[in-house]
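> Could you have a look at this structure, given as structure tokens, before my questions?
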Amino acid sequence: MSTHRFAVNVTPKPGILDPQGRAVEGSLGHLGIEGVSAVRVGRRVELTVAAVDAAAARAVVERLAAELLANPLIEAYVVEEIAGASSTLSIGAGEG
Amino acid sequence: MSTHRFAVNVTPKPGILDPQGRAVEGSLGHLGIEGVSAVRVGRRVELTVAAVDAAAARAVVERLAAELLANPLIEAYVVEEIAGASSTLSIGAGEG
Amino acid sequence: MPARIGVVVFPGSNCDRDTMYALSLAGAEPVELWHEQASLDAIDGVILPGGFAYGDYLRAGVIARFSPVVRAVTAFADRGGLVLGICNGFQVLAEAGLVPGALLRNRGLRFLGRDVHIAAERVDTPFTAGLIAGRPLRMPIAHGEGCYFADDATLDELERDGQVLFRYVGGDGAAVGADDGARHPDNPNGSLRAIAGVLNTAGNVAGLMPHPERAAEGLLGSDDGAGIIRSFVAAAAGRASGRVADPNVAAAGVGAGSGR
Amino acid sequence: MPVTLTAASAAVTSAAVPLHRALGLTDDELDAIRDRLGRDPNHLELAIFSVMWSEHCSYKSSKPLLRTLPTQGEGVVAGPGENAGVISIGDGLAVAFKIESHNHPSAVEPYQGAATGVGGILRDIFTMGARPIAVLDALRFGDPGDVRTRHLVDGVVRGVGGYGNCVGVPTVGGELVFDPSYQGNPLVNVMAIGLLDERRLTLAAAPGPGNLVILFGSTTGRDGIGGASVLASSTFTHDDPSKRPSVQVGDPFAEKLLIEASLELIERELVEGLQDLGAGGISCATSETADRAGTGMLIDLDAVPRREPDMAAYEVMISESQERMLAVVRPDREAAVREVCARWGLPCAVIGRVTADGDIAIVEGGLDDSGAAAAGARELARIPAAALTSDAIVHDRIGAAPVHARAAPAPGIPEWPSDGLPERGMDPGAVLLALLGSPNLASRRPVFEQYDSTVQVNTVAGPGRGAAVLRVKGTTKALVATTDANAPVSGIDPWLGAALSVAEASRNVSITGARPLGVTNCLNFGDPTRPEAFWQLSEAVRGLGDACRALGLPVTGGNVSLYNESASGAILPTPEIGVVGILDDIATLIGPAFVEAGDSVVLVGEAVPGLAGSEYARLAGAAPGDGPPVLDLEREAALQRFIREAVAGGLAASAQDVSGGGLAVALAEAAMWGGIGGRLRIPVASSPAADLFGESPSRIVVTCRPRRLEALVLLARQHGLPVDELGVAGGDRLLIDLGNGGATGPAEGRGSHVADALDVSLADLEHAWSRGLGRALGWDEVD
Ligand SMILES: Nc1ncnc2c1ncn2[C@@H]1O[C@H](COP(=O)(O)OP(=O)(O)O)[C@@H](O)[C@H]1O
Ligand SMILES: [Mg+2]
């Protein structure tokens with residue numbers, strides 16, 4: 001049994017309208033920021049999984065991502081393993 | 001001049017209420033998923049920056065993250081450079 | 001001379017007209033302040049109304065914070081001008097750092113449109129002078145991100161310095177109680193210490209989540225909110241005599257309101 | 001020159017299926033297209049036809065039926081055919097209203113489907129020059145205990161709220177009904193209401209050859225490609241990915257800006273015509289506006305602002321990207337229009353010119369200064385505008401009553417109902433509590449609390465207690481609005497179901513004291529090529545027309561949604577009716593709740609037998625031979641006249657309609673909402689079940705001060721209406737004795753026994769009613 005920390009990055013699929021990204025782009029002028037484009041706003045979900053091994057843990061995250069965290073019609077996701085020591089680490093999350 | 005694609009991962013600071021994370025944890029039972037804990041839900045913003053060099057580009061992103069994308073009272077953020085060829089690449093975004 | 005109250009119109013504001021309507025009922029002269037205007041002139045008070053400024057994308061109120069008008073409002077507040085943020089306006093003020101704290105998503109993760117009761121903690125402020133301390137006022141909330149948050153130290157400080165302006169209470173005025181974690185039916189968004197509205201340290205800027213402008217006529221079910229609007233208008237009128245001109249305006253034809 | 005279809009269509013064209021069929025056109029339809037063009041269509045033209053000749057855009061199955069509806073009425077300024085119906089309400093003001101479905105998109109992606117449904121119907125309203133002031137959402141789903149249903153309900157409710165709340169239009173009413181027939185095919189019908197200065201009425205026409213065609217609002221992407229043709233006009237199944245177009249995503253923020261910019265353009269008289277882009281995108285907006293004015297248009301495809309690179313011509317032409325408008329503008333006003341759009345931060349482009357030749361011509365390569373195709377430009381398509389709209393194909397579908405169809409019971413010869421429950425030994429109070437807590441009758445608060453119902457400060461009565469009431473600022477008037485559909489009865493007798501829906505919706509408006517102005521409707525039915533489904537549709541339209549004529553109501557608009565079928569079968573035929581009424585003096589308004597202890601409680605109208613189609617039957621079942629209750633339209637009209645007069649004369653303190661759950665539920669609601677119980681006695685005319693829980697129409701519970709009782713009763717009799725004094729409001733229990741001189745009347749003669757009295761505390765009623773929906777949906781756990 002080992003614990004692993006993952007992040008699931010969920011972003012709007014290419015071609016799908018991203019009103020949030022557009023709003024951010026629209027506000028850059030007020031901030032005096034230039035040269036920024038193609039902004040896409042999505043979600044990032046970080047979680048700890050306890051499983052027999054890393055592969056099993058990743059399988060759990062993949063399922064969670066596909067069934068709950070992302071809406072496959074309009075969103076794409078990527079699962080990445082991250083260090084348990086990330087800033088959002090909470091007690092009990094192991095290094096894997 | 002070069003273009004770079006970045007992601008800014010914004011997550012609720014430790015100790016800050018994260019009802020979305022709790023809601024995800026709460027629905028794991030229905031999905032029959034076990035062993036998942038410490039779920040935190042945040043935002044992921046991907047963007048392309050054109051600047052004289054990578055360091056200048058990153059500085060723009062850092063500023064954007066600190067001033068706009070994250071609220072320092074409640075959120076922490078991490079900036080990472082990602083491949084331009086990510087799924088959300090749009091026209092004109094180079095590989096950096 | 002009626003008090004001239006500026007009502008900020010961001011793209012996405014949707015309570016601007018309601019607020020102007022309530023101000024008219026309270027005898028004030030509402031003046032539209034367009035989000036791109038960088039100065040305020042001959043204005044006795046400013047209200048940032050509810051809505052979804054710039055779509056409320058990313059985080060409620062955050063994009064609005066960078067608009068020219070908010071810079072102007074900040075300057076106005078720094079000069080001692082009266083500023084009230086309602087709902088989205090409160091979120092903008094919090095993002096801009098004009099009032100302490102942050103507004104998080106409602107704990108139930110759903111938008112909530114319903115009547116609540118709030119009571120003023122202090123009645124010696126420009127926003128509450130016409131109210132009776134502790135008396136429950138019924139008015140609607142309509143928001144998805146209204147859970148008031150600040151860290152414990154800040155909360156203690158706010159309590160100590162009298163910066164808690166309104167709290168959610170029961171219909172009979174009963175306090176919600178200290179249990180922050182639980183969502184009490186009388187504190188539906190789960191705000192810490194049941195805080196519904198706060199003041200800045202100087203006492204001239206306030207924000208609250210409920211909508212007093214929607215409770216300004218008995219016909220609509222409650223006129224409990226009218227007291228807040230009237231207090232604000234009266235305080236602003238009191239300052240009207242000493243109207244401070246915006247130094248930025250003197251330059252050239254930058255008028256108030258772009259009209260629409 | 002052939003236009004090649006790429007990417008999205010590749011999947012459907014790869015097989016041996018001819019392109020027109022892959023696009024949902026039949027061989028006959030292809031022939032009809034050739035007739036109209038006098039040649040073969042190219043691919044782009046075929047794609048445009050496929051969208052425009054979809055059921056959704058052309059009404060090819062329903063047009064002949066809809067022509068039979070009454071459309072004339074006092075004050076009607078714009079009727080069917082326009083984006084929304086418009087009726088004058090005096091003081092120089094008019095009300096615009098319309099209902100529309102977004103069923104299939106919501107089944108695929110509930111949040112965005114519902115959100116874009118709200119966005120679409122709002123555009124229909126402000127296109128007319130009206131500021132949207134209210135939304136009502138009429139929703140139908142399958143079993144509330146089912147996981148998929150819960151996902152749909154959650155997404156749809158969030159979507160309606162997510163959009164309406166942001167644009168700042170209050171959601172003030174609607175419906176939420178569960179029935180197994182909607183399991184695979186939920187219904188999301190949204191009605192919107194707007195208020196306009198009559199002088200600002202703007203029509204969706206493109207007059208004046210030489211005028212500019214301007215597209216403003218969001219940019220055009222690949223949203224909903226094929227949505228109109230493939231998705232909306234063939235049977236929907238979850239599992240066929242080729243029929244899953246890219247989902248339309250709504251941006252309520254953009255819509256809010258679009259509302260303000262459009263109304264400003266109209267206010268400043270800068271546009272000659274205005275049309276929103278909905279199903280069919282640019283194809284539909286250009287051809288409809290041109291055809292209405294008898295003009296044509298030359299469209300410069302390159303000028304359309306896009307969100308994505310490499311879009312094919314057909315994608316640009318049929319894209320359903322949201323939050324876009326088409327304006328027809330005189331050339332000298334272009335700069336002013338651009339200035340308004342710029343101020344609201346909206347992209348704006350001249351995409352063509354109005355022409356005199358009656359054709360929609362599409363070129364790439366640009367237009368020259370005179371508005372003609374530039375030298376070297378290529379013409380990609382040319383279609384007479386009429387061929388796409390007014391002269392689109394119309395099918396003569398065949399209708400056949402199903403063999404098992406029950407004839408509507410003829411008035412006067414009712415079938416006897418089951419005497420079923422509740423009889424002696426069965427506590428009718430327990431039945432009442434079960435009904436009040438059931439998914440279809442319990443409080444909808446958990447849903448409508450997610451909506452902003454008070455923005456715009458007009459909401460005098462919001463969701464939760466009958467019709468919505470909105471004051472009209474600057475006048476003494478109020479608008480009263482509601483939606484209703486009786487699908488269970490429509491499933492048995494579509495004529496009756498539709499007529500009952502009109503009766504109930506207009507009754508809900510009349511009981512506030514308001515005069516119903518007109519009807520909008522959304523006909524949600526199955527596959528019209530099935531004779532039984534077409535028969536249901538035609539019977540329902542006949543019922544709708546008959547009821548509207550009897551009640552003196554014009555039908556000012558609506559929407560038809562066919563092919564509502566899934567693997568689990570067709571939905572119950574669901575004729576959704578929206579009614580808007582006007583109350584001249586808001587001071588006279590009354591509500592449904594008991595007002596004062598001591599008031600007399602009176603039932604006007606009488607129960608008739610027939611439990612089929614009732615909520616009671618859903619719970620307890622009905623006798624096999626039972627039918628639905630009959631509807632007497634003359635009596636319905638008299639009842640509504642009576643209550644309006646009673647309200648205007650100050651005779652009534654409250655009025656509550658008897659509908660779902662019957663008289664017992666109506667009384668329980670009036671008591672709970674007023675916080676006042678009642679000590680009442682119901683004379684049983686047919687059977688205890690029918691009298692307490694039957695849903696026979698044309699009945700209202702009226703309360704009045706005791707001293708007004710005589711006058712109220714007299715007034716009812718003058719209208720030829722039966723009246724029963726049920727008792728007196730008061731106390732904290734609902735107590736109903738049953739009897740008719742101690743017996744159950746005719747029912748007793750047939751062996752029915754006297755039921756026990758109903759006796760329940762208000763607290764118990766409230767508990768059952770307020771918890772029911774959250775429990776059914778499992779929302780208790782979340783909250
Ligand atoms: N989906 C919904 N959205 C908003 N309001 C709703 C919804 N469903 C029901 N309501 C409101 O709840 C109340 C009860 O609905 P219903 O039983 O259909 O009303 P009625 O019996 O008056 O026709 C009405 O005020 C209605 O407007
Ligand atoms: Mg009803």
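The chains in the structure tokens are called A, B, ... from first to last as shown; in each chain the residues are counted from 1, and the ligands are counted from 1 in the order shown.
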Could you list, as a PyMOL selection string, all residues that come within 8 Å of ligand 2? Count only C-alpha atoms and all ligand atoms.

chain D and resi 175+466+483-485+504-505+508+659-660

> Around ligand 1, at most 9 Å away and counting only C-alpha atoms and all ligand atoms, which residues are there? Put them as a PyMOL selection string, please.

chain D and resi 135-140+157+160+171-177+440-445+447-449+451+453+461-468+481-485+504-505+508+656-660+666

> Taking N, CA and C atoms for each residue, export the selection above as a CSV table (one decimal), in the first residue's frame.


```csv
chain,number,residue,atom,x,y,z
D,135,VAL,N,-38.2,35.3,-16.8
D,135,VAL,CA,-38.1,34.0,-17.4
D,135,VAL,C,-38.9,33.0,-16.6
D,136,LEU,N,-39.5,32.0,-17.3
D,136,LEU,CA,-40.2,30.9,-16.6
D,136,LEU,C,-39.6,29.6,-17.2
D,137,ASP,N,-39.3,28.6,-16.4
D,137,ASP,CA,-38.7,27.4,-16.9
D,137,ASP,C,-39.6,26.2,-16.6
D,138,ALA,N,-40.1,25.6,-17.7
D,138,ALA,CA,-40.9,24.4,-17.5
D,138,ALA,C,-40.1,23.2,-17.8
D,139,LEU,N,-39.9,22.3,-16.8
D,139,LEU,CA,-39.0,21.2,-16.9
D,139,LEU,C,-39.7,19.9,-16.7
D,140,ARG,N,-39.3,18.9,-17.4
D,140,ARG,CA,-39.8,17.5,-17.2
D,140,ARG,C,-38.7,16.5,-17.3
D,157,VAL,N,-31.0,22.8,-13.9
D,157,VAL,CA,-31.3,23.9,-12.9
D,157,VAL,C,-30.1,24.8,-12.8
D,160,VAL,N,-30.0,26.9,-16.1
D,160,VAL,CA,-31.1,28.0,-16.1
D,160,VAL,C,-30.6,29.2,-15.2
D,171,THR,N,-35.9,34.8,-12.8
D,171,THR,CA,-36.7,33.6,-13.1
D,171,THR,C,-37.8,33.5,-12.1
D,172,VAL,N,-39.0,33.7,-12.6
D,172,VAL,CA,-40.2,33.9,-11.6
D,172,VAL,C,-41.2,32.8,-11.6
D,173,GLY,N,-41.0,31.8,-12.4
D,173,GLY,CA,-41.9,30.7,-12.3
D,173,GLY,C,-41.5,29.6,-13.3
D,174,GLY,N,-42.3,28.6,-13.3
D,174,GLY,CA,-42.0,27.4,-14.2
D,174,GLY,C,-42.7,26.2,-13.7
D,175,GLU,N,-42.2,25.1,-14.1
D,175,GLU,CA,-42.7,23.8,-13.6
D,175,GLU,C,-41.6,22.8,-13.5
D,176,LEU,N,-41.8,21.8,-12.7
D,176,LEU,CA,-40.9,20.7,-12.6
D,176,LEU,C,-41.8,19.5,-12.4
D,177,VAL,N,-41.8,18.6,-13.4
D,177,VAL,CA,-42.6,17.4,-13.4
D,177,VAL,C,-41.8,16.2,-13.7
D,440,ASN,N,-44.0,15.4,-7.6
D,440,ASN,CA,-44.7,16.4,-8.5
D,440,ASN,C,-45.4,17.4,-7.7
D,441,LEU,N,-45.7,17.2,-6.5
D,441,LEU,CA,-46.5,18.2,-5.7
D,441,LEU,C,-45.8,18.9,-4.6
D,442,ALA,N,-44.6,18.4,-4.2
D,442,ALA,CA,-43.9,19.0,-3.1
D,442,ALA,C,-43.4,20.4,-3.5
D,443,SER,N,-43.0,21.1,-2.5
D,443,SER,CA,-42.5,22.5,-2.8
D,443,SER,C,-41.3,22.4,-3.7
D,444,ARG,N,-41.2,23.3,-4.7
D,444,ARG,CA,-40.1,23.5,-5.6
D,444,ARG,C,-39.0,24.4,-5.1
D,445,ARG,N,-39.1,24.8,-3.9
D,445,ARG,CA,-38.1,25.7,-3.3
D,445,ARG,C,-36.7,25.3,-3.6
D,447,VAL,N,-35.4,24.0,-6.0
D,447,VAL,CA,-35.0,24.4,-7.4
D,447,VAL,C,-35.0,25.9,-7.5
D,448,PHE,N,-36.1,26.6,-7.2
D,448,PHE,CA,-36.2,28.0,-7.6
D,448,PHE,C,-35.3,28.9,-6.7
D,449,GLU,N,-34.9,28.3,-5.6
D,449,GLU,CA,-33.9,29.1,-4.8
D,449,GLU,C,-32.6,29.3,-5.4
D,451,TYR,N,-32.4,30.3,-8.3
D,451,TYR,CA,-32.6,31.4,-9.3
D,451,TYR,C,-32.7,32.7,-8.6
D,453,SER,N,-34.8,35.6,-8.4
D,453,SER,CA,-36.2,35.8,-8.8
D,453,SER,C,-36.6,37.3,-8.5
D,461,ALA,N,-45.0,38.7,-6.8
D,461,ALA,CA,-45.1,37.3,-6.5
D,461,ALA,C,-44.2,36.5,-7.3
D,462,GLY,N,-43.2,35.9,-6.7
D,462,GLY,CA,-42.2,35.1,-7.5
D,462,GLY,C,-42.6,33.6,-7.5
D,463,PRO,N,-41.6,32.8,-7.7
D,463,PRO,CA,-42.0,31.4,-7.8
D,463,PRO,C,-42.5,30.8,-6.5
D,464,GLY,N,-43.3,29.8,-6.6
D,464,GLY,CA,-43.6,29.1,-5.4
D,464,GLY,C,-45.1,29.0,-5.1
D,465,ARG,N,-45.9,30.0,-5.5
D,465,ARG,CA,-47.3,30.0,-5.1
D,465,ARG,C,-48.1,30.5,-6.3
D,466,GLY,N,-48.2,29.6,-7.3
D,466,GLY,CA,-49.1,30.0,-8.4
D,466,GLY,C,-48.4,31.0,-9.3
D,467,ALA,N,-49.3,31.8,-10.0
D,467,ALA,CA,-48.7,32.6,-11.1
D,467,ALA,C,-47.8,33.7,-10.6
D,468,ALA,N,-46.9,34.1,-11.4
D,468,ALA,CA,-45.9,35.1,-11.0
D,468,ALA,C,-46.6,36.5,-11.3
D,481,ALA,N,-48.1,36.0,-15.0
D,481,ALA,CA,-47.7,34.9,-16.0
D,481,ALA,C,-47.5,33.6,-15.4
D,482,THR,N,-47.8,32.6,-16.2
D,482,THR,CA,-47.6,31.2,-15.7
D,482,THR,C,-47.4,30.3,-16.9
D,483,THR,N,-46.9,29.1,-16.6
D,483,THR,CA,-46.9,28.0,-17.6
D,483,THR,C,-47.6,26.8,-17.1
D,484,ASP,N,-48.2,26.0,-17.9
D,484,ASP,CA,-48.8,24.7,-17.5
D,484,ASP,C,-48.9,23.8,-18.7
D,485,ALA,N,-48.8,22.5,-18.3
D,485,ALA,CA,-49.0,21.5,-19.3
D,485,ALA,C,-49.6,20.3,-18.6
D,504,GLU,N,-56.1,25.6,-17.4
D,504,GLU,CA,-55.4,25.8,-16.1
D,504,GLU,C,-54.5,27.0,-16.1
D,505,ALA,N,-53.7,27.2,-17.2
D,505,ALA,CA,-52.8,28.3,-17.2
D,505,ALA,C,-53.6,29.6,-17.2
D,508,ASN,N,-55.0,30.2,-13.7
D,508,ASN,CA,-54.0,30.6,-12.7
D,508,ASN,C,-53.8,32.1,-12.8
D,656,GLN,N,-57.6,30.3,-4.9
D,656,GLN,CA,-56.6,29.3,-5.2
D,656,GLN,C,-57.3,28.3,-6.2
D,657,ASP,N,-56.5,28.0,-7.2
D,657,ASP,CA,-56.9,27.1,-8.3
D,657,ASP,C,-56.8,25.6,-7.8
D,658,VAL,N,-57.8,24.8,-8.2
D,658,VAL,CA,-57.7,23.4,-7.8
D,658,VAL,C,-57.1,22.7,-9.0
D,659,SER,N,-55.9,22.1,-8.8
D,659,SER,CA,-55.3,21.4,-9.9
D,659,SER,C,-54.6,20.2,-9.4
D,660,GLY,N,-53.3,20.0,-9.6
D,660,GLY,CA,-52.6,18.8,-9.2
D,660,GLY,C,-52.9,18.4,-7.8
D,666,ALA,N,-55.2,21.7,-2.8
D,666,ALA,CA,-55.4,23.1,-3.0
D,666,ALA,C,-55.7,23.8,-1.6
```

> Go through chain A and flag each residue having an atom no more than 8 Å from chain D; for those, report the closest pair of atoms plus their distance in Å to one decimal, using only C-alpha atoms, ordered by chain and rising number, as CSV.


```
residue,atom,partner,partner_atom,distance
A:Gly15,CA,D:Glu308,CA,6.8
A:Ile16,CA,D:Val249,CA,7.1
A:Leu17,CA,D:Val249,CA,6.0
A:Pro19,CA,D:Asp251,CA,5.9
A:Leu73,CA,D:Val247,CA,7.1
A:Ile74,CA,D:Val247,CA,6.9
```

> Report as a list of chain:residue names the set of chain A residues whose atoms approach chain B to within 7 Å, with distances computed over only C-alpha atoms.

A:Asn9, A:Lys13, A:Pro14, A:Gly35, A:Val36, A:Ser37, A:Ala38, A:Val39, A:Arg40, A:Val41, A:Gly42, A:Arg43, A:Arg44, A:Val45, A:Glu46, A:Leu47, A:Thr48, A:Val49, A:Ala50, A:Ala51, A:Thr88, A:Ser90

> If you keep C-alpha atoms, can you produce a file of those selected residues as an mmCIF file, in the first residue's frame?


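Contents of part-v1.cif, as written:
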```cif
data_model
loop_
_atom_site.group_PDB
_atom_site.id
_atom_site.type_symbol
_atom_site.label_atom_id
_atom_site.label_comp_id
_atom_site.auth_asym_id
_atom_site.auth_seq_id
_atom_site.Cartn_x
_atom_site.Cartn_y
_atom_site.Cartn_z
ATOM 1 C CA ASN A 9 -5.849 19.465 -15.058
ATOM 2 C CA LYS A 13 -11.498 21.349 -25.364
ATOM 3 C CA PRO A 14 -10.073 23.112 -28.384
ATOM 4 C CA GLY A 35 1.683 39.978 -25.377
ATOM 5 C CA VAL A 36 -0.639 37.514 -23.704
ATOM 6 C CA SER A 37 -2.960 35.424 -25.865
ATOM 7 C CA ALA A 38 -4.811 32.123 -26.108
ATOM 8 C CA VAL A 39 -5.907 32.149 -22.485
ATOM 9 C CA ARG A 40 -7.888 29.093 -21.459
ATOM 10 C CA VAL A 41 -9.322 28.742 -17.973
ATOM 11 C CA GLY A 42 -9.940 25.346 -16.492
ATOM 12 C CA ARG A 43 -9.898 23.519 -13.193
ATOM 13 C CA ARG A 44 -7.126 21.896 -11.257
ATOM 14 C CA VAL A 45 -7.992 19.181 -8.810
ATOM 15 C CA GLU A 46 -5.335 17.821 -6.483
ATOM 16 C CA LEU A 47 -5.901 14.645 -4.547
ATOM 17 C CA THR A 48 -4.189 11.883 -2.626
ATOM 18 C CA VAL A 49 -4.780 8.235 -3.462
ATOM 19 C CA ALA A 50 -3.877 5.222 -1.368
ATOM 20 C CA ALA A 51 -3.516 2.086 -3.466
ATOM 21 C CA THR A 88 -1.674 22.393 -1.006
ATOM 22 C CA SER A 90 -2.641 18.353 3.579
#
```

> Just to confirm, what's the straight-line distance from atom CA of Arg67 of chain D to atom CA of Gly558 of chain D in Å (one decimal)?

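Between atom CA of Arg67 of chain D and atom CA of Gly558 of chain D the gap is 12.4 Å.
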
> Hey, which bits of chain C sit within 8 Å of chain B, and for each residue what's the closest pair of atoms and how far apart in Å (one decimal), counting only C-alpha atoms, rows by chain and increasing number, as JSON lines?


```
{"residue": "C:Leu58", "atom": "CA", "partner": "B:Leu69", "partner_atom": "CA", "distance": 7.1}
{"residue": "C:Val62", "atom": "CA", "partner": "B:Leu68", "partner_atom": "CA", "distance": 6.7}
{"residue": "C:Ile63", "atom": "CA", "partner": "B:Leu68", "partner_atom": "CA", "distance": 7.2}
{"residue": "C:Glu95", "atom": "CA", "partner": "B:Asn71", "partner_atom": "CA", "distance": 7.6}
{"residue": "C:Gly101", "atom": "CA", "partner": "B:Leu73", "partner_atom": "CA", "distance": 7.6}
{"residue": "C:Ala102", "atom": "CA", "partner": "B:Leu73", "partner_atom": "CA", "distance": 7.3}
{"residue": "C:Arg105", "atom": "CA", "partner": "B:Pro19", "partner_atom": "CA", "distance": 7.9}
{"residue": "C:Arg107", "atom": "CA", "partner": "B:Pro19", "partner_atom": "CA", "distance": 5.7}
{"residue": "C:Gly108", "atom": "CA", "partner": "B:Pro19", "partner_atom": "CA", "distance": 7.3}
{"residue": "C:Leu109", "atom": "CA", "partner": "B:Pro19", "partner_atom": "CA", "distance": 7.0}
{"residue": "C:Ala150", "atom": "CA", "partner": "B:Leu73", "partner_atom": "CA", "distance": 7.8}
```

> Go ahead and write the selection's residues with all heavy atoms as a short mmCIF file (atom, residue, chain, number, x, y, z; two decimals), in the first residue's frame.


```
data_model
loop_
_atom_site.label_atom_id
_atom_site.label_comp_id
_atom_site.auth_asym_id
_atom_site.auth_seq_id
_atom_site.Cartn_x
_atom_site.Cartn_y
_atom_site.Cartn_z
N LEU C 58 -13.49 33.99 -13.60
CA LEU C 58 -12.29 33.81 -12.78
C LEU C 58 -12.67 33.83 -11.31
O LEU C 58 -12.67 32.81 -10.65
CB LEU C 58 -11.25 34.90 -13.09
CG LEU C 58 -9.80 34.49 -13.07
CD1 LEU C 58 -9.57 33.27 -13.97
CD2 LEU C 58 -8.93 35.65 -13.54
N VAL C 62 -13.04 40.22 -9.49
CA VAL C 62 -11.61 40.43 -9.64
C VAL C 62 -11.26 41.27 -10.87
O VAL C 62 -10.38 42.12 -10.83
CB VAL C 62 -10.81 39.11 -9.63
CG1 VAL C 62 -11.22 38.22 -10.78
CG2 VAL C 62 -9.33 39.39 -9.68
N ILE C 63 -11.94 41.04 -11.97
CA ILE C 63 -11.58 41.78 -13.18
C ILE C 63 -12.00 43.25 -13.04
O ILE C 63 -11.28 44.17 -13.43
CB ILE C 63 -12.19 41.12 -14.43
CG1 ILE C 63 -11.60 39.71 -14.58
CG2 ILE C 63 -11.91 41.95 -15.68
CD1 ILE C 63 -12.13 38.91 -15.75
N GLU C 95 -12.08 42.43 -3.46
CA GLU C 95 -10.97 42.13 -4.36
C GLU C 95 -10.02 43.32 -4.46
O GLU C 95 -8.82 43.17 -4.59
CB GLU C 95 -11.48 41.76 -5.76
CG GLU C 95 -12.00 40.32 -5.87
CD GLU C 95 -10.88 39.28 -5.83
OE1 GLU C 95 -9.71 39.66 -6.01
OE2 GLU C 95 -11.19 38.09 -5.61
N GLY C 101 -11.21 41.03 3.83
CA GLY C 101 -11.81 39.72 3.63
C GLY C 101 -12.02 39.34 2.19
O GLY C 101 -11.61 40.05 1.27
N ALA C 102 -12.63 38.18 2.01
CA ALA C 102 -12.92 37.67 0.66
C ALA C 102 -14.27 36.98 0.70
O ALA C 102 -14.73 36.54 1.74
CB ALA C 102 -11.83 36.66 0.25
N ARG C 105 -17.16 30.87 -2.51
CA ARG C 105 -18.41 30.23 -2.96
C ARG C 105 -19.25 29.83 -1.77
O ARG C 105 -18.74 29.43 -0.73
CB ARG C 105 -18.09 28.98 -3.78
CG ARG C 105 -17.68 29.33 -5.19
CD ARG C 105 -17.54 28.09 -6.03
NE ARG C 105 -18.85 27.53 -6.37
CZ ARG C 105 -18.99 26.47 -7.18
NH1 ARG C 105 -17.95 25.88 -7.69
NH2 ARG C 105 -20.20 26.03 -7.48
N ARG C 107 -21.25 27.73 0.74
CA ARG C 107 -20.80 26.40 1.16
C ARG C 107 -21.57 25.28 0.49
O ARG C 107 -21.05 24.19 0.31
CB ARG C 107 -20.96 26.28 2.67
CG ARG C 107 -20.08 27.28 3.36
CD ARG C 107 -19.19 26.65 4.37
NE ARG C 107 -18.72 27.70 5.25
CZ ARG C 107 -18.27 27.50 6.45
NH1 ARG C 107 -18.28 26.28 6.95
NH2 ARG C 107 -17.85 28.49 7.18
N GLY C 108 -22.84 25.55 0.17
CA GLY C 108 -23.64 24.51 -0.50
C GLY C 108 -23.34 24.42 -1.99
O GLY C 108 -23.91 23.60 -2.69
N LEU C 109 -22.44 25.27 -2.48
CA LEU C 109 -22.02 25.29 -3.88
C LEU C 109 -23.15 25.60 -4.85
O LEU C 109 -23.05 25.33 -6.03
CB LEU C 109 -21.35 23.96 -4.28
CG LEU C 109 -20.07 23.64 -3.52
CD1 LEU C 109 -19.57 22.25 -3.89
CD2 LEU C 109 -19.00 24.69 -3.83
N ALA C 150 -12.32 35.54 6.29
CA ALA C 150 -11.06 36.21 6.63
C ALA C 150 -10.41 35.30 7.66
O ALA C 150 -11.09 34.48 8.28
CB ALA C 150 -11.31 37.60 7.21
#
```

> Taking only C-alpha atoms into account, name the residue in D:Val469, D:Ile89, D:Val647, D:Val213 that is nearest to chain C.

D:Val469

> Please provide the set of residues having any atom within 9 Å of Ala96 of chain C, restricted to only C-alpha atoms, with same-chain residues fewer than 4 positions apart removed, written as a list in words.

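So the residues in contact are Gly61, Val62, Ala64, Arg65, Phe66, Val70, Thr74, Gln91 and Val92 of chain C.
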
> Rounded to one decimal, what separation in Å do you get between atom CA of Val79 of chain A and atom CA of Gly162 of chain D?

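Answer for the atom CA of Val79 of chain A to atom CA of Gly162 of chain D separation: 28.3 Å.
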
> When DSSP works through the backbone of this structure, what residues of chain A end up as helix (DSSP H, G or I), shown as a ChimeraX atom specification?

/A:19-31,54-69
